[in-house]
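A.B. asks: I have a structure here, written as structure tokens, and I will follow up with some questions on it.
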Amino acid sequence: MQGELSDLQMRAQLRTLECHSGVNLSSNDYLGLATDPRLKAAFLAALQPNCQMGSTGSRLLSGNSRDWEQVEEEFAEFAGTSHAIYFSSGYAANIGLLSSLLGPADWVFSDSLNHASIIDGIRLSGARKVIYRHRDLNELEDALALRDNEPGCKMIVTESVFSMDGDRAPLGELLLLGGKYGAELIVDEAHATGVHGPQGRGLAAEAGIVDNVLALVHTCGKALASMGAFVCSGSTVKQFLINRARTFIFSTAMPPYFAYQISAALRIAASADLERCSLTEVAESLRALLREAGFNTGTSSSQIIPVMLGDNEVALYFAAELRRNGFAVRAIRPPTVSPGTSRLRLSLTTKITREQVNELVGVMTAAREKLAPAPYA
Ligand SMILES: Cc1ncc(COP(=O)(O)O)c(C=O)c1O
């Protein structure tokens, strides 16, 4: 154990826990709801003297309640599906969904930049897998065509807004390819929930394809400032998950009062068009400023903006310089991203002002000037 830790330290890959201070650019609280007084008030109102503090068991035993059923109905309506089922985290939702829908006789086609929870769910399912190059439709089509006559069900799995690169999956095209080769589509909307699409309903809703997707995963721990996730689908998938998803069956339900927080967050988020608009504008302006200053922001087209630096040490250096100047930014390194693609991940929220964005680019530029020769990518 110690040897492995020393090894990580030597490779500048050792992770430690820190409490952030300063302008928070590592937060997934995209709409700023974590400190929203309306959300706090809704939560406090839910804590009535007679409210039950614990759920007392798994949903299949004593932990079910009308509160959870109701918020599932509300969320399904928001997502545009007939049904939704709540898991206590996005990680548990992806593991439960993929490991129960897929089996060793099936095929899964997964974007190479999909989140660890998708990767782990696929591993646990034992399904045969093809990892296609990030957003590469040609490579995906070749892989699908090659398995066209193979038995077993086929599924394409993708994030909608990618968590590390901040770019978008070509959902419409993925659906068409799936249709052509008999593969279902599953979309993880974690970084789009509340932020993208009409009323924040995600990129599948924006593309008008919700009715054709097998399942959508919407998480509550990011823009909804809560926790957990909904798998949104038709009734059969929901029934199947209730019967087969081990992360649902064998886990204690969240307390009923928490359903109120999610419900309130959903209502606030759905009506936050102005905030969504301003977040998009600030993100566009930061991307433009960074690019003008010669930094590489990759293929980002969302509130998540990577600054690609390549080397671990360089990424750590820039993160330290930013922190010294009051910006809470973490360097993202392997194994979270592939070797040679270490970066800063700037995650914008509605709390970030244009002045802070300008200042940030100034600090980045000054930090680069201190390096000679400049070793950034
Ligand atoms: C794309 C994606 N899916 C799922 C998850 C897991 O969600 P949770 O944090 O609720 O477990 C994350 C978390 O970062 C994510 O980025």
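To be explicit about the labels: the chains of the structure tokens are called A, B, and onward in the order shown, and within each one the residues are counted from 1, while ligands get numbers from 1 in the order they are shown.
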Just the residues within 8 Å of Leu241 (chain A), please, counting only C-alpha atoms, with nothing from its chain fewer than 5 positions along; format it as a list in words.
C.D. replies: Gly96, Leu97, Ser100 and Phe248 of chain A
A.B. asks: Output N, CA and C atoms of each residue in that selection to a file, as a CSV table (one decimal), in the first residue's frame.
C.D. replies:
chain,number,residue,atom,x,y,z
A,96,GLY,N,-26.5,0.4,-11.3
A,96,GLY,CA,-27.7,-0.4,-11.2
A,96,GLY,C,-28.3,-0.6,-12.6
A,97,LEU,N,-28.4,0.5,-13.3
A,97,LEU,CA,-29.0,0.4,-14.7
A,97,LEU,C,-28.2,-0.5,-15.6
A,100,SER,N,-27.9,-4.3,-14.7
A,100,SER,CA,-29.1,-5.1,-14.7
A,100,SER,C,-29.7,-5.2,-16.2
A,248,PHE,N,-30.4,-0.5,-6.2
A,248,PHE,CA,-31.7,0.0,-5.7
A,248,PHE,C,-32.2,-1.0,-4.6
A.B. asks: Go through the chains and note each residue within 6 Å of ligand 1, using only C-alpha atoms and all ligand atoms, then give the set as a PyMOL selection string.
C.D. replies: chain A and resi 89-91+115+117+159+163+188+190+219+221+227-228
A.B. asks: How about saving the chosen residues, all heavy atoms kept, as a PDB file, in the first residue's frame?
C.D. replies:
ATOM      1  N   SER A  89     -27.501   7.790  -5.566  1.00  0.00           N
ATOM      2  CA  SER A  89     -26.429   8.590  -6.208  1.00  0.00           C
ATOM      3  C   SER A  89     -26.453   8.309  -7.701  1.00  0.00           C
ATOM      4  O   SER A  89     -27.030   7.305  -8.148  1.00  0.00           O
ATOM      5  CB  SER A  89     -25.048   8.238  -5.633  1.00  0.00           C
ATOM      6  OG  SER A  89     -24.639   6.974  -6.087  1.00  0.00           O
ATOM      7  N   GLY A  90     -25.792   9.183  -8.452  1.00  0.00           N
ATOM      8  CA  GLY A  90     -25.665   8.950  -9.887  1.00  0.00           C
ATOM      9  C   GLY A  90     -24.814   7.707 -10.129  1.00  0.00           C
ATOM     10  O   GLY A  90     -25.054   6.947 -11.064  1.00  0.00           O
ATOM     11  N   TYR A  91     -23.829   7.520  -9.262  1.00  0.00           N
ATOM     12  CA  TYR A  91     -22.962   6.341  -9.386  1.00  0.00           C
ATOM     13  C   TYR A  91     -23.810   5.066  -9.250  1.00  0.00           C
ATOM     14  O   TYR A  91     -23.726   4.159 -10.085  1.00  0.00           O
ATOM     15  CB  TYR A  91     -21.884   6.420  -8.287  1.00  0.00           C
ATOM     16  CG  TYR A  91     -20.784   5.409  -8.455  1.00  0.00           C
ATOM     17  CD1 TYR A  91     -19.691   5.666  -9.274  1.00  0.00           C
ATOM     18  CD2 TYR A  91     -20.847   4.183  -7.802  1.00  0.00           C
ATOM     19  CE1 TYR A  91     -18.690   4.721  -9.442  1.00  0.00           C
ATOM     20  CE2 TYR A  91     -19.855   3.242  -7.958  1.00  0.00           C
ATOM     21  CZ  TYR A  91     -18.773   3.515  -8.775  1.00  0.00           C
ATOM     22  OH  TYR A  91     -17.778   2.580  -8.937  1.00  0.00           O
ATOM     23  N   HIS A 115     -18.059   8.470 -17.986  1.00  0.00           N
ATOM     24  CA  HIS A 115     -17.736   8.543 -16.551  1.00  0.00           C
ATOM     25  C   HIS A 115     -17.472   7.157 -15.943  1.00  0.00           C
ATOM     26  O   HIS A 115     -17.997   6.146 -16.412  1.00  0.00           O
ATOM     27  CB  HIS A 115     -18.933   9.199 -15.840  1.00  0.00           C
ATOM     28  CG  HIS A 115     -18.689   9.496 -14.402  1.00  0.00           C
ATOM     29  ND1 HIS A 115     -19.223   8.739 -13.377  1.00  0.00           N
ATOM     30  CD2 HIS A 115     -17.968  10.474 -13.802  1.00  0.00           C
ATOM     31  CE1 HIS A 115     -18.856   9.249 -12.217  1.00  0.00           C
ATOM     32  NE2 HIS A 115     -18.098  10.306 -12.452  1.00  0.00           N
ATOM     33  N   SER A 117     -18.645   5.725 -13.430  1.00  0.00           N
ATOM     34  CA  SER A 117     -19.832   4.962 -13.013  1.00  0.00           C
ATOM     35  C   SER A 117     -20.408   4.162 -14.185  1.00  0.00           C
ATOM     36  O   SER A 117     -20.960   3.074 -13.993  1.00  0.00           O
ATOM     37  CB  SER A 117     -20.900   5.903 -12.446  1.00  0.00           C
ATOM     38  OG  SER A 117     -21.206   6.930 -13.371  1.00  0.00           O
ATOM     39  N   GLU A 159     -22.480   9.983 -22.224  1.00  0.00           N
ATOM     40  CA  GLU A 159     -22.875  11.173 -21.468  1.00  0.00           C
ATOM     41  C   GLU A 159     -23.427  12.157 -22.488  1.00  0.00           C
ATOM     42  O   GLU A 159     -23.105  12.069 -23.676  1.00  0.00           O
ATOM     43  CB  GLU A 159     -21.653  11.799 -20.776  1.00  0.00           C
ATOM     44  CG  GLU A 159     -21.061  10.934 -19.689  1.00  0.00           C
ATOM     45  CD  GLU A 159     -19.862  11.588 -18.990  1.00  0.00           C
ATOM     46  OE1 GLU A 159     -19.833  12.825 -18.852  1.00  0.00           O
ATOM     47  OE2 GLU A 159     -18.963  10.844 -18.598  1.00  0.00           O
ATOM     48  N   SER A 163     -18.112  15.189 -18.745  1.00  0.00           N
ATOM     49  CA  SER A 163     -17.719  15.810 -17.476  1.00  0.00           C
ATOM     50  C   SER A 163     -16.321  16.392 -17.474  1.00  0.00           C
ATOM     51  O   SER A 163     -16.058  17.340 -16.739  1.00  0.00           O
ATOM     52  CB  SER A 163     -17.861  14.808 -16.335  1.00  0.00           C
ATOM     53  OG  SER A 163     -17.136  13.645 -16.616  1.00  0.00           O
ATOM     54  N   ASP A 188     -26.537   9.635 -20.200  1.00  0.00           N
ATOM     55  CA  ASP A 188     -26.307  10.175 -18.854  1.00  0.00           C
ATOM     56  C   ASP A 188     -26.255  11.701 -18.976  1.00  0.00           C
ATOM     57  O   ASP A 188     -25.325  12.261 -19.550  1.00  0.00           O
ATOM     58  CB  ASP A 188     -24.977   9.609 -18.332  1.00  0.00           C
ATOM     59  CG  ASP A 188     -24.626  10.134 -16.943  1.00  0.00           C
ATOM     60  OD1 ASP A 188     -25.204  11.155 -16.519  1.00  0.00           O
ATOM     61  OD2 ASP A 188     -23.758   9.536 -16.295  1.00  0.00           O
ATOM     62  N   ALA A 190     -25.949  13.900 -16.536  1.00  0.00           N
ATOM     63  CA  ALA A 190     -25.499  14.485 -15.256  1.00  0.00           C
ATOM     64  C   ALA A 190     -25.123  15.970 -15.340  1.00  0.00           C
ATOM     65  O   ALA A 190     -25.525  16.758 -14.496  1.00  0.00           O
ATOM     66  CB  ALA A 190     -24.330  13.684 -14.708  1.00  0.00           C
ATOM     67  N   THR A 219     -28.918  13.442 -12.820  1.00  0.00           N
ATOM     68  CA  THR A 219     -28.432  13.434 -11.431  1.00  0.00           C
ATOM     69  C   THR A 219     -28.903  14.680 -10.685  1.00  0.00           C
ATOM     70  O   THR A 219     -29.175  15.724 -11.277  1.00  0.00           O
ATOM     71  CB  THR A 219     -26.895  13.338 -11.364  1.00  0.00           C
ATOM     72  OG1 THR A 219     -26.327  14.483 -11.990  1.00  0.00           O
ATOM     73  CG2 THR A 219     -26.388  12.083 -12.028  1.00  0.00           C
ATOM     74  N   GLY A 221     -27.113  15.783  -7.795  1.00  0.00           N
ATOM     75  CA  GLY A 221     -26.021  16.305  -6.975  1.00  0.00           C
ATOM     76  C   GLY A 221     -25.292  17.478  -7.604  1.00  0.00           C
ATOM     77  O   GLY A 221     -24.390  18.050  -6.988  1.00  0.00           O
ATOM     78  N   MET A 227     -28.807  15.433  -3.919  1.00  0.00           N
ATOM     79  CA  MET A 227     -28.027  14.249  -4.264  1.00  0.00           C
ATOM     80  C   MET A 227     -28.941  13.147  -4.755  1.00  0.00           C
ATOM     81  O   MET A 227     -30.154  13.223  -4.607  1.00  0.00           O
ATOM     82  CB  MET A 227     -27.155  13.780  -3.103  1.00  0.00           C
ATOM     83  CG  MET A 227     -27.903  13.295  -1.896  1.00  0.00           C
ATOM     84  SD  MET A 227     -26.744  12.729  -0.644  1.00  0.00           S
ATOM     85  CE  MET A 227     -26.121  11.233  -1.408  1.00  0.00           C
ATOM     86  N   GLY A 228     -28.321  12.132  -5.386  1.00  0.00           N
ATOM     87  CA  GLY A 228     -29.107  11.052  -5.962  1.00  0.00           C
ATOM     88  C   GLY A 228     -29.286  11.262  -7.459  1.00  0.00           C
ATOM     89  O   GLY A 228     -28.726  12.204  -8.033  1.00  0.00           O
TER      90      GLY A 228
END
A.B. asks: Run DSSP on the backbone and grab whatever in region 215-313 of chain A lands in strand (DSSP E or B); send it over as number ranges by chain.
C.D. replies: A: 215-219, 229-233, 252, 304-310
A.B. asks: Next, write the just-selected residues to a file, as a PDB file, in the first residue's frame, keeping C-alpha atoms as the atom set.
C.D. replies:
ATOM      1  CA  ALA A 215     -33.213   5.510 -20.498  1.00  0.00           C
ATOM      2  CA  LEU A 216     -31.916   8.876 -19.348  1.00  0.00           C
ATOM      3  CA  VAL A 217     -29.944   9.363 -16.159  1.00  0.00           C
ATOM      4  CA  HIS A 218     -30.499  12.776 -14.532  1.00  0.00           C
ATOM      5  CA  THR A 219     -28.432  13.434 -11.431  1.00  0.00           C
ATOM      6  CA  ALA A 229     -30.259  10.453  -9.519  1.00  0.00           C
ATOM      7  CA  PHE A 230     -33.323   9.492 -11.507  1.00  0.00           C
ATOM      8  CA  VAL A 231     -33.336   6.889 -14.217  1.00  0.00           C
ATOM      9  CA  CYS A 232     -36.074   8.197 -16.515  1.00  0.00           C
ATOM     10  CA  SER A 233     -37.656   5.684 -18.872  1.00  0.00           C
ATOM     11  CA  THR A 252     -31.542   1.948   2.322  1.00  0.00           C
ATOM     12  CA  ILE A 304     -17.229  22.989 -18.182  1.00  0.00           C
ATOM     13  CA  ILE A 305     -14.026  24.372 -19.679  1.00  0.00           C
ATOM     14  CA  PRO A 306     -10.813  22.368 -19.654  1.00  0.00           C
ATOM     15  CA  VAL A 307      -7.486  24.097 -20.058  1.00  0.00           C
ATOM     16  CA  MET A 308      -5.377  21.384 -21.637  1.00  0.00           C
ATOM     17  CA  LEU A 309      -1.836  21.434 -20.248  1.00  0.00           C
ATOM     18  CA  GLY A 310      -0.616  17.908 -20.971  1.00  0.00           C
TER      19      GLY A 310
END
A.B. asks: Give me, as a ChimeraX atom specification, all polymer residues having an atom no more than 12 Å from Ile119 (chain A), counting only C-alpha atoms and skipping those fewer than 4 positions away in the same chain.
C.D. replies: /A:91,94-95,97-99,108-115,123-127,129-131,157-159
A.B. asks: List the neighbours of Arg66 (chain A) out to 10 Å using only C-alpha atoms; skip same-chain residues closer than 6 positions along the sequence, and give me the result as a PDB file with N, CA, C and O atoms, in the first residue's frame.
C.D. replies:
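What ended up in result32.pdb:
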ATOM      1  N   GLU A  72     -40.811  11.104  -7.958  1.00  0.00           N
ATOM      2  CA  GLU A  72     -40.515  10.337  -9.175  1.00  0.00           C
ATOM      3  C   GLU A  72     -41.484  10.721 -10.294  1.00  0.00           C
ATOM      4  O   GLU A  72     -41.090  10.850 -11.457  1.00  0.00           O
ATOM      5  N   PRO A 256     -37.618  10.509   3.699  1.00  0.00           N
ATOM      6  CA  PRO A 256     -38.691  11.129   2.917  1.00  0.00           C
ATOM      7  C   PRO A 256     -38.543  12.646   2.775  1.00  0.00           C
ATOM      8  O   PRO A 256     -38.851  13.201   1.723  1.00  0.00           O
ATOM      9  N   ALA A 259     -36.932  14.103  -0.337  1.00  0.00           N
ATOM     10  CA  ALA A 259     -37.698  14.190  -1.591  1.00  0.00           C
ATOM     11  C   ALA A 259     -38.199  15.615  -1.805  1.00  0.00           C
ATOM     12  O   ALA A 259     -38.299  16.092  -2.938  1.00  0.00           O
TER      13      ALA A 259
END
A.B. asks: Could you name the residues that touch Leu61 (chain A) at 10 Å or less, counting only C-alpha atoms, but leaving out those on the same chain fewer than 4 positions away, as a ChimeraX atom specification?
C.D. replies: /A:56-57,249-250,252-253
A.B. asks: Just C-alpha atoms for this one: save the residues we selected as a PDB file, in the first residue's frame.
C.D. replies:
ATOM      1  CA  THR A  56     -36.221   2.738   7.862  1.00  0.00           C
ATOM      2  CA  GLY A  57     -35.210   0.422   5.033  1.00  0.00           C
ATOM      3  CA  ILE A 249     -32.825  -3.263  -4.058  1.00  0.00           C
ATOM      4  CA  PHE A 250     -30.085  -3.663  -1.463  1.00  0.00           C
ATOM      5  CA  THR A 252     -31.542   1.948   2.322  1.00  0.00           C
ATOM      6  CA  ALA A 253     -33.921   4.520   0.839  1.00  0.00           C
TER       7      ALA A 253
END
A.B. asks: Quick one: pull the distance between CA of Glu369 (chain A) and CA of Ala319 (chain A), Å, one decimal.
C.D. replies: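 One can read the CA of Glu369 (chain A) to CA of Ala319 (chain A) distance as 14.8 Å.
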A.B. asks: For a quick check of understanding, using only C-alpha atoms, which of A:Cys220, A:Ala366, A:Ala272, A:Val357 has the smallest distance to Asp29 (chain A)?
C.D. replies: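 The closest residue to Asp29 (chain A) is A:Cys220.
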A.B. asks: I'd like to know which of A:Ala205, A:Ala288, A:Ala315, A:Leu279 is closest to Thr341 (chain A), using only C-alpha atoms.
C.D. replies: A:Ala315
A.B. asks: Quick check, in Å to one decimal: how far apart do CA of Asp167 (chain A) and CA of Thr299 (chain A) lie?
C.D. replies: 5.6 Å
A.B. asks: Contacts of Leu175 (chain A) at 9 Å or less, counting only C-alpha atoms, minus same-chain residues fewer than 3 places along, as number ranges by chain?
C.D. replies: A: 156, 170-172, 178-180, 183-185, 209, 212-213
A.B. asks: Which of region 112-310 of chain A counts as helix (DSSP H, G or I) under DSSP, as a VMD selection string please?
C.D. replies: chain A and resid 116 to 125 137 to 146 171 to 181 198 to 200 203 to 206 210 to 212 235 to 244 246 to 249 256 to 270 273 to 292
A.B. asks: So that I can check the surroundings of Gln2 (chain A), please list as an MDAnalysis selection string every protein, DNA and RNA residue that reaches within 12 Å of it, counting only C-alpha atoms and ignoring chain neighbours fewer than 6 positions away.
C.D. replies: chainID A and resid 8:9 14
A.B. asks: Could you write out the selected residues, including all heavy atoms, as a PDB file, in the first residue's frame?
C.D. replies:
ATOM      1  N   LEU A   8       2.564   6.951  -6.504  1.00  0.00           N
ATOM      2  CA  LEU A   8       1.621   7.984  -6.976  1.00  0.00           C
ATOM      3  C   LEU A   8       2.190   9.372  -6.712  1.00  0.00           C
ATOM      4  O   LEU A   8       2.115  10.266  -7.557  1.00  0.00           O
ATOM      5  CB  LEU A   8       0.281   7.844  -6.255  1.00  0.00           C
ATOM      6  CG  LEU A   8      -0.619   6.699  -6.692  1.00  0.00           C
ATOM      7  CD1 LEU A   8      -1.841   6.601  -5.796  1.00  0.00           C
ATOM      8  CD2 LEU A   8      -1.073   6.905  -8.145  1.00  0.00           C
ATOM      9  N   GLN A   9       2.804   9.515  -5.519  1.00  0.00           N
ATOM     10  CA  GLN A   9       3.376  10.825  -5.166  1.00  0.00           C
ATOM     11  C   GLN A   9       4.485  11.190  -6.154  1.00  0.00           C
ATOM     12  O   GLN A   9       4.542  12.327  -6.637  1.00  0.00           O
ATOM     13  CB  GLN A   9       3.938  10.760  -3.742  1.00  0.00           C
ATOM     14  CG  GLN A   9       4.627  12.038  -3.310  1.00  0.00           C
ATOM     15  CD  GLN A   9       4.099  12.536  -1.976  1.00  0.00           C
ATOM     16  OE1 GLN A   9       3.949  11.735  -1.051  1.00  0.00           O
ATOM     17  NE2 GLN A   9       3.818  13.806  -1.878  1.00  0.00           N
ATOM     18  N   LEU A  14      -0.760  11.751  -6.593  1.00  0.00           N
ATOM     19  CA  LEU A  14      -1.345  11.458  -5.285  1.00  0.00           C
ATOM     20  C   LEU A  14      -2.481  12.438  -4.997  1.00  0.00           C
ATOM     21  O   LEU A  14      -2.302  13.647  -5.095  1.00  0.00           O
ATOM     22  CB  LEU A  14      -0.283  11.566  -4.184  1.00  0.00           C
ATOM     23  CG  LEU A  14      -0.747  11.096  -2.814  1.00  0.00           C
ATOM     24  CD1 LEU A  14      -0.920   9.576  -2.785  1.00  0.00           C
ATOM     25  CD2 LEU A  14       0.225  11.534  -1.724  1.00  0.00           C
TER      26      LEU A  14
END
A.B. asks: Do you have the CA of Glu73 (chain A)-CA of Pro255 (chain A) distance handy?
C.D. replies: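 Taking CA of Glu73 (chain A) and CA of Pro255 (chain A), their separation equals 17.3 Å.
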A.B. asks: Go through A:Ala269, A:Ala264, A:Ala320, A:Met10 and flag the residue nearest Ala41 (chain A), using only C-alpha atoms for the distances.
C.D. replies: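 The shortest atom-to-atom distance to Ala41 (chain A) comes from A:Ala264.
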